[in-house]
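Visitor: Next comes my_file_14.txt, compact mmCIF, C-alpha atoms:
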# COMPACT_ATOMS: atom_id res chain seq x y z
CA HIS A 1 6.06 11.68 4.27
CA ARG A 2 9.58 10.37 3.68
CA PHE A 3 10.27 10.16 7.43
CA SER A 4 7.00 8.43 8.30
CA ILE A 5 8.69 5.11 9.10
CA LEU A 6 11.16 6.83 11.43
CA HIS A 7 8.35 8.82 13.06
CA ALA A 8 6.29 5.68 13.60
CA ALA A 9 9.25 3.93 15.22
CA ILE A 10 9.83 6.86 17.58
CA HIS A 11 6.13 6.98 18.47
CA LYS A 12 6.24 3.29 19.39
CA LEU A 13 9.36 3.81 21.53
CA PHE A 14 7.76 6.64 23.48
CA ALA A 15 4.52 4.70 23.91
CA ALA A 16 6.34 1.59 25.11
CA GLN A 17 8.38 3.56 27.64
CA LEU A 18 5.36 5.47 28.93
CA LYS A 19 3.46 2.20 29.31
CA ALA A 20 6.40 0.63 31.16
CA ASP A 21 6.63 3.70 33.40
CA GLU A 22 2.92 3.53 34.14
CA GLU A 23 3.26 -0.10 35.25
CA SER A 24 6.34 0.71 37.32
CA ALA A 25 4.67 3.69 39.01
CA ALA A 26 1.69 1.52 39.92
CA LYS A 27 4.12 -0.63 41.92
CA ASP A 28 5.82 2.42 43.48
CA GLY A 29 8.82 1.85 41.23
CA GLU A 30 10.98 4.38 39.40
CA VAL A 31 10.00 6.00 36.13
CA SER A 32 12.02 7.49 33.29
CA ASN A 33 12.00 11.04 31.93
CA ALA A 34 9.85 10.01 28.96
CA SER A 35 6.79 11.83 30.32
CA LYS A 36 8.81 15.02 30.65
CA TYR A 37 10.18 15.06 27.11
CA CYS A 38 7.48 13.31 25.07
CA PRO A 39 5.67 15.42 22.44
CA HIS A 40 2.16 16.62 23.31
CA GLU A 41 -0.49 19.06 22.14
CA GLY A 42 0.72 21.82 24.44
CA ARG A 43 3.94 22.15 22.48
CA GLY A 44 2.06 23.11 19.31
CA GLY A 45 3.05 22.69 15.69
CA PHE A 46 4.16 19.32 14.42
CA LEU A 47 4.80 18.12 17.98
CA GLN A 48 1.04 18.10 18.47
CA TYR A 49 0.77 15.53 15.68
CA HIS A 50 3.50 13.41 17.28
CA GLY A 51 1.77 13.64 20.65
CA ASP A 52 -1.55 12.52 19.20
CA SER A 53 0.17 9.63 17.42
CA ILE A 54 1.77 8.42 20.66
CA ALA A 55 -1.52 8.82 22.51
CA LYS A 56 -3.34 6.69 19.91
CA ILE A 57 -0.89 3.85 20.50
CA LEU A 58 -1.44 4.08 24.24
CA PHE A 59 -5.21 4.39 23.91
CA PRO A 60 -6.11 2.48 20.71
CA GLN A 61 -9.83 2.83 21.37
CA PHE A 62 -9.53 6.40 20.08
CA ASP A 63 -7.48 5.61 16.97
CA GLY A 64 -9.13 7.16 13.94
CA ALA A 65 -11.84 8.88 15.97
CA ASP A 66 -11.20 12.58 15.36
CA GLU A 67 -14.38 13.57 17.16
CA LYS A 68 -12.91 12.08 20.36
CA LYS A 69 -9.56 13.85 20.02
CA HIS A 70 -10.12 15.93 23.14
CA SER A 71 -10.83 12.80 25.19
CA LEU A 72 -7.69 11.19 23.80
CA ARG A 73 -5.57 14.19 24.71
CA ARG A 74 -7.11 14.36 28.17
CA LEU A 75 -6.14 10.75 28.90
CA TYR A 76 -2.65 11.32 27.51
CA ARG A 77 -2.28 14.47 29.60
CA LYS A 78 -3.48 12.66 32.72
CA LEU A 79 -0.94 9.89 32.15
CA ARG A 80 1.93 12.34 31.67
CA THR A 81 0.94 14.32 34.75
CA SER A 82 0.81 11.22 36.94
CA LEU A 83 4.19 10.02 35.67
CA ASN A 84 5.77 13.43 36.17
CA SER A 85 4.52 13.40 39.75
CA ALA A 86 6.14 10.01 40.29
CA ASN A 87 9.41 11.08 38.68
CA ASN A 88 12.17 11.65 41.19
CA HIS A 89 14.43 13.14 38.51
CA ILE A 90 12.43 16.33 37.89
CA ALA A 91 13.40 19.05 40.33
CA GLU A 92 10.43 21.23 39.38
CA ILE A 93 8.03 18.54 40.58
CA PHE A 94 9.56 18.55 44.05
CA LEU A 95 9.19 22.32 44.24
CA SER A 96 5.64 22.46 42.91
CA THR A 97 4.45 19.68 45.23
CA GLN A 98 6.02 21.22 48.34
CA ARG A 99 8.65 18.48 48.69
CA ALA A 100 11.80 20.59 48.61
CA GLU A 101 13.11 18.82 51.70
CA GLN A 102 13.32 15.60 49.64
CA LEU A 103 15.37 17.18 46.85
CA PHE A 104 19.16 16.96 46.93
CA PRO A 105 21.79 18.57 44.66
CA GLY A 106 22.79 15.30 43.00
CA MET A 107 19.21 14.82 41.79
CA ILE A 108 19.14 18.13 39.90
CA CYS A 109 20.14 18.11 36.23
CA ALA A 110 21.97 20.84 34.33
CA GLY A 111 18.80 22.01 32.61
CA ALA A 112 16.99 22.50 35.91
CA TYR A 113 19.90 24.49 37.34
CA SER A 114 19.90 26.68 34.23
CA LYS A 115 16.17 27.30 33.98
CA THR A 116 15.08 27.28 37.63
CA HIS A 117 18.15 28.27 39.63
CA LYS A 118 16.28 31.15 41.28
CA ALA A 119 13.51 28.83 42.43
CA LEU A 120 16.05 26.25 43.62
CA LEU A 121 17.81 28.94 45.65
CA ASN A 122 14.48 30.33 46.84
CA VAL A 123 15.09 33.88 45.60
CA ASP A 124 12.79 36.19 43.66
CA LYS A 125 13.69 38.55 40.81
CA LYS A 126 14.90 41.19 43.27
CA GLY A 127 17.19 38.81 45.13
CA ASN A 128 14.95 38.47 48.17
CA GLU A 129 13.72 35.26 49.76
CA ARG A 130 10.94 33.82 47.64
CA TYR A 131 9.07 31.70 50.20
CA PRO A 132 9.38 31.56 54.01
CA ASP A 133 9.51 27.78 53.74
CA GLU A 134 11.95 25.73 55.79
CA GLY A 135 12.18 22.97 53.18
CA ARG A 136 13.24 25.46 50.49
CA ARG A 137 15.68 27.11 52.87
CA CYS A 138 17.30 23.75 53.59
CA LEU A 139 17.49 22.96 49.87
CA ARG A 140 19.23 26.26 49.24
CA ALA A 141 21.71 25.52 52.03
CA ARG A 142 22.42 22.05 50.60
CA ILE A 143 23.05 23.40 47.11
CA LEU A 144 25.38 26.18 48.27
CA LYS A 145 27.26 23.85 50.61
CA THR A 146 27.82 21.41 47.74
CA ILE A 147 29.13 24.18 45.48
CA GLU A 148 31.45 25.57 48.14
CA LYS A 149 32.82 22.13 48.96
CA ASP A 150 33.26 20.88 45.38
CA PRO A 151 32.15 23.08 42.44
CA SER A 152 32.81 20.22 40.01
CA ARG A 153 29.72 18.44 41.36
CA MET A 154 27.62 21.07 39.63
CA PRO A 155 26.63 19.78 36.17
CA ALA A 156 28.09 21.82 33.33
CA PRO A 157 25.44 23.87 31.50
CA SER A 158 24.57 22.67 28.02
CA ASP A 159 23.43 26.08 26.78
CA LEU A 160 26.30 28.59 26.86
CA ALA A 161 24.16 31.37 25.42
CA GLN A 162 21.66 31.03 28.26
CA LEU A 163 24.47 31.04 30.82
CA ALA A 164 25.94 34.14 29.22
CA GLU A 165 22.62 35.98 29.41
CA GLN A 166 22.26 35.07 33.07
CA LEU A 167 25.77 36.28 33.87
CA VAL A 168 25.20 39.54 32.02
CA ALA A 169 21.97 40.11 33.97
CA LEU A 170 23.74 39.27 37.21
CA HIS A 171 26.59 41.66 36.47
CA GLY A 172 24.18 44.53 35.95
CA SER A 173 22.20 43.84 39.12
CA GLU A 174 22.86 45.64 42.39
CA THR A 175 20.49 43.44 44.39
CA ALA A 176 21.53 40.00 43.14
CA ASP A 177 21.61 37.22 45.68
CA GLU A 178 25.10 36.05 46.70
CA GLY A 179 24.02 32.44 46.45
CA GLU A 180 22.98 33.01 42.85
CA ARG A 181 26.36 34.58 42.13
CA LEU A 182 28.09 31.53 43.60
CA LEU A 183 25.98 29.11 41.57
CA LEU A 184 26.49 30.93 38.28
CA ARG A 185 30.24 31.25 38.87
CA ALA A 186 30.38 27.48 39.39
CA SER A 187 28.34 26.97 36.21
CA TYR A 188 30.76 29.21 34.31
CA ARG A 189 33.77 27.33 35.69
CA ASN A 190 32.35 23.97 34.69
CA ALA A 191 31.31 25.23 31.26
CA VAL A 192 34.91 26.24 30.61
CA LEU A 193 36.26 22.91 31.85
CA GLU A 194 33.74 20.93 29.81
CA LEU A 195 34.56 22.87 26.67
CA ARG A 196 38.25 22.36 27.32
CA LYS A 197 37.67 18.60 27.47
CA SER A 198 35.75 18.69 24.21
CA VAL A 199 38.49 20.69 22.52
CA ASP A 200 41.19 18.36 23.85
CA ALA A 201 39.30 15.34 22.56
CA ALA A 202 38.93 16.92 19.13
CA VAL A 203 42.62 17.87 19.07
CA GLN A 204 43.69 14.35 19.99
CA GLU A 205 41.46 12.87 17.31
CA ALA A 206 42.94 15.21 14.72
CA ARG A 207 46.51 14.49 15.84
CA ASP A 208 45.87 10.75 15.64
CA LEU A 209 44.63 11.21 12.10
CA VAL A 210 47.70 13.27 11.15
CA GLY A 211 49.90 10.55 12.61
CA LYS A 212 48.47 8.05 10.13
CA LEU A 213 49.25 10.22 7.10
CA ASP A 214 52.38 9.83 5.00
CA LEU A 215 53.89 13.30 5.47
CA GLY A 216 57.33 14.86 5.60
CA ASP A 217 58.62 16.44 8.82
CA GLU A 218 57.64 19.99 7.87
CA GLU A 219 54.25 18.97 6.54
CA ARG A 220 53.60 16.90 9.65
CA ALA A 221 54.55 19.79 11.96
CA ALA A 222 52.25 22.16 10.06
CA ALA A 223 49.40 19.65 10.11
CA LEU A 224 49.80 19.06 13.85
CA ALA A 225 49.77 22.81 14.51
CA GLN A 226 46.60 23.15 12.45
CA ALA A 227 45.03 20.20 14.25
CA SER A 228 45.64 21.90 17.60
CA ALA A 229 44.23 25.28 16.56
CA GLN A 230 41.25 24.30 14.43
CA PRO A 231 38.92 22.73 17.06
CA LEU A 232 38.91 25.85 19.24
CA ALA A 233 38.35 28.08 16.21
CA VAL A 234 35.39 25.93 15.20
CA ALA A 235 34.04 26.03 18.76
CA ILE A 236 34.25 29.82 18.81
CA ASP A 237 32.51 30.14 15.45
CA CYS A 238 29.71 27.69 16.28
CA THR A 239 29.10 29.01 19.78
CA LEU A 240 29.03 32.69 18.89
CA SER A 241 26.65 32.01 16.02
CA GLN A 242 24.04 30.86 18.56
CA THR A 243 23.43 34.35 19.91
CA ASN A 244 22.44 37.69 18.46
CA THR A 245 23.45 40.17 21.15
CA HIS A 246 26.83 41.83 21.42
CA PRO A 247 27.21 41.50 25.25
CA VAL A 248 26.42 37.80 25.11
CA SER A 249 28.83 37.29 22.22
CA CYS A 250 31.58 38.99 24.21
CA LEU A 251 30.88 36.85 27.23
CA LEU A 252 30.93 33.67 25.19
CA ALA A 253 34.23 34.75 23.71
CA MET A 254 35.51 35.13 27.27
CA VAL A 255 34.42 31.56 28.05
CA LEU A 256 36.33 30.30 25.05
CA SER A 257 39.32 32.45 25.88
CA ASP A 258 39.47 30.98 29.37
CA CYS A 259 39.10 27.55 27.82
CA GLU A 260 42.11 28.18 25.59
CA ALA A 261 44.13 29.43 28.57
CA LEU A 262 43.68 26.17 30.46
CA PRO A 263 46.44 23.59 30.06
CA ALA A 264 45.60 20.80 27.69
CA ALA A 265 44.74 17.46 29.22
CA ALA A 266 47.64 15.08 29.53
Translate this structure into structure tokens?
Guide:
Amino acid sequence: HRFSILHAAIHKLFAAQLKADEESAAKDGEVSNASKYCPHEGRGGFLQYHGDSIAKILFPQFDGADEKKHSLRRLYRKLRTSLNSANNHIAEIFLSTQRAEQLFPGMICAGAYSKTHKALLNVDKKGNERYPDEGRRCLRARILKTIEKDPSRMPAPSDLAQLAEQLVALHGSETADEGERLLLRASYRNAVLELRKSVDAAVQEARDLVGKLDLGDEERAAALAQASAQPLAVAIDCTLSQTNTHPVSCLLAMVLSDCEALPAAA
């Protein structure tokens, strides 16, 4: 395989980090997110091959022994599970191990807010309280208080299509939780601001490039105008191409429209 050298290097990096995390966890130290994102057999496809390759580096006694593949995967799975349990960066672990009282908004990443916001706010699909648990109630209160005080502390979502689908579902719901509405509005706000920053950075880069060209006044003015318009047009095209549904496309267009309406960064 033409990428075999690259694959082997990545396998070694994952194995080294997992080994370092295992040693750190044994001393009650912090661990990385390697165990959360490393390939494994549960992901299927080619990721299963990558997972087995990493596992063989960690447990060389099984290297080349196909008949012991299940034992190899069991050890690898056990290692990942133990490291995930020791990881204070994975919000889902705090919830699943009944430690919601130890989880604070600043510890929750954008992906967790996007994928598990209902669980974080302790609401079910109908907008009712999910668990009569005081720890989860306190976590919900902390999250909502943080958003109300400073929405910018909410991490901007990385998946606009997913945010759009959530907002569409929320708009069509008559029983949606008000806390969920507040959280998604903050996510929308920060998505717009983050996109605006990206567009501004692209515009500035293009303008700097135009400034280095040997152009006449009219040509320079036209080039600068094009430099200012093109990044947003590209953003619209790329973002809308990620989704297949008309409502979501419209909502994403609204995000980009609001982004364009914001004043450019100084």
Visitor: What lies within 6 Å of stretch 87-104 of chain A using all atoms listed in the file, ignoring chain neighbours under 4 positions off, as a ChimeraX atom specification?
Guide: /A:31,108,135-136
Visitor: Store the residues picked out above, limited to C-alpha atoms, as a PDB file, keeping the file's coordinate frame.
Guide:
ATOM      1  CA  VAL A  31      10.000   6.000  36.130  1.00  0.00           C
ATOM      2  CA  ILE A 108      19.140  18.130  39.900  1.00  0.00           C
ATOM      3  CA  GLY A 135      12.180  22.970  53.180  1.00  0.00           C
ATOM      4  CA  ARG A 136      13.240  25.460  50.490  1.00  0.00           C
TER       5      ARG A 136
END
Visitor: Using all atoms listed in the file, list the residues that have an atom at most 7 Å from (2.4, 7.9, 38.1), coordinates as in the file, as a list in words.
Guide: Glu22, Ala25, Ala26, Ser82, Leu83, Asn84, Ser85 and Ala86 of chain A
Visitor: Kindly give the distance, in Å, that separates atom CA of A:Ala169 and atom CA of A:Glu134, rounded to a single decimal.
Guide: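 That distance, rounded to one decimal, is 28.0 Å.
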Visitor: Closest to A:Gly127 among A:Leu170, A:Ile54, A:Ala225, A:Leu195, using all atoms listed in the file?
Guide: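 Counting all atoms listed in the file, the residue closest to A:Gly127 is A:Leu170.
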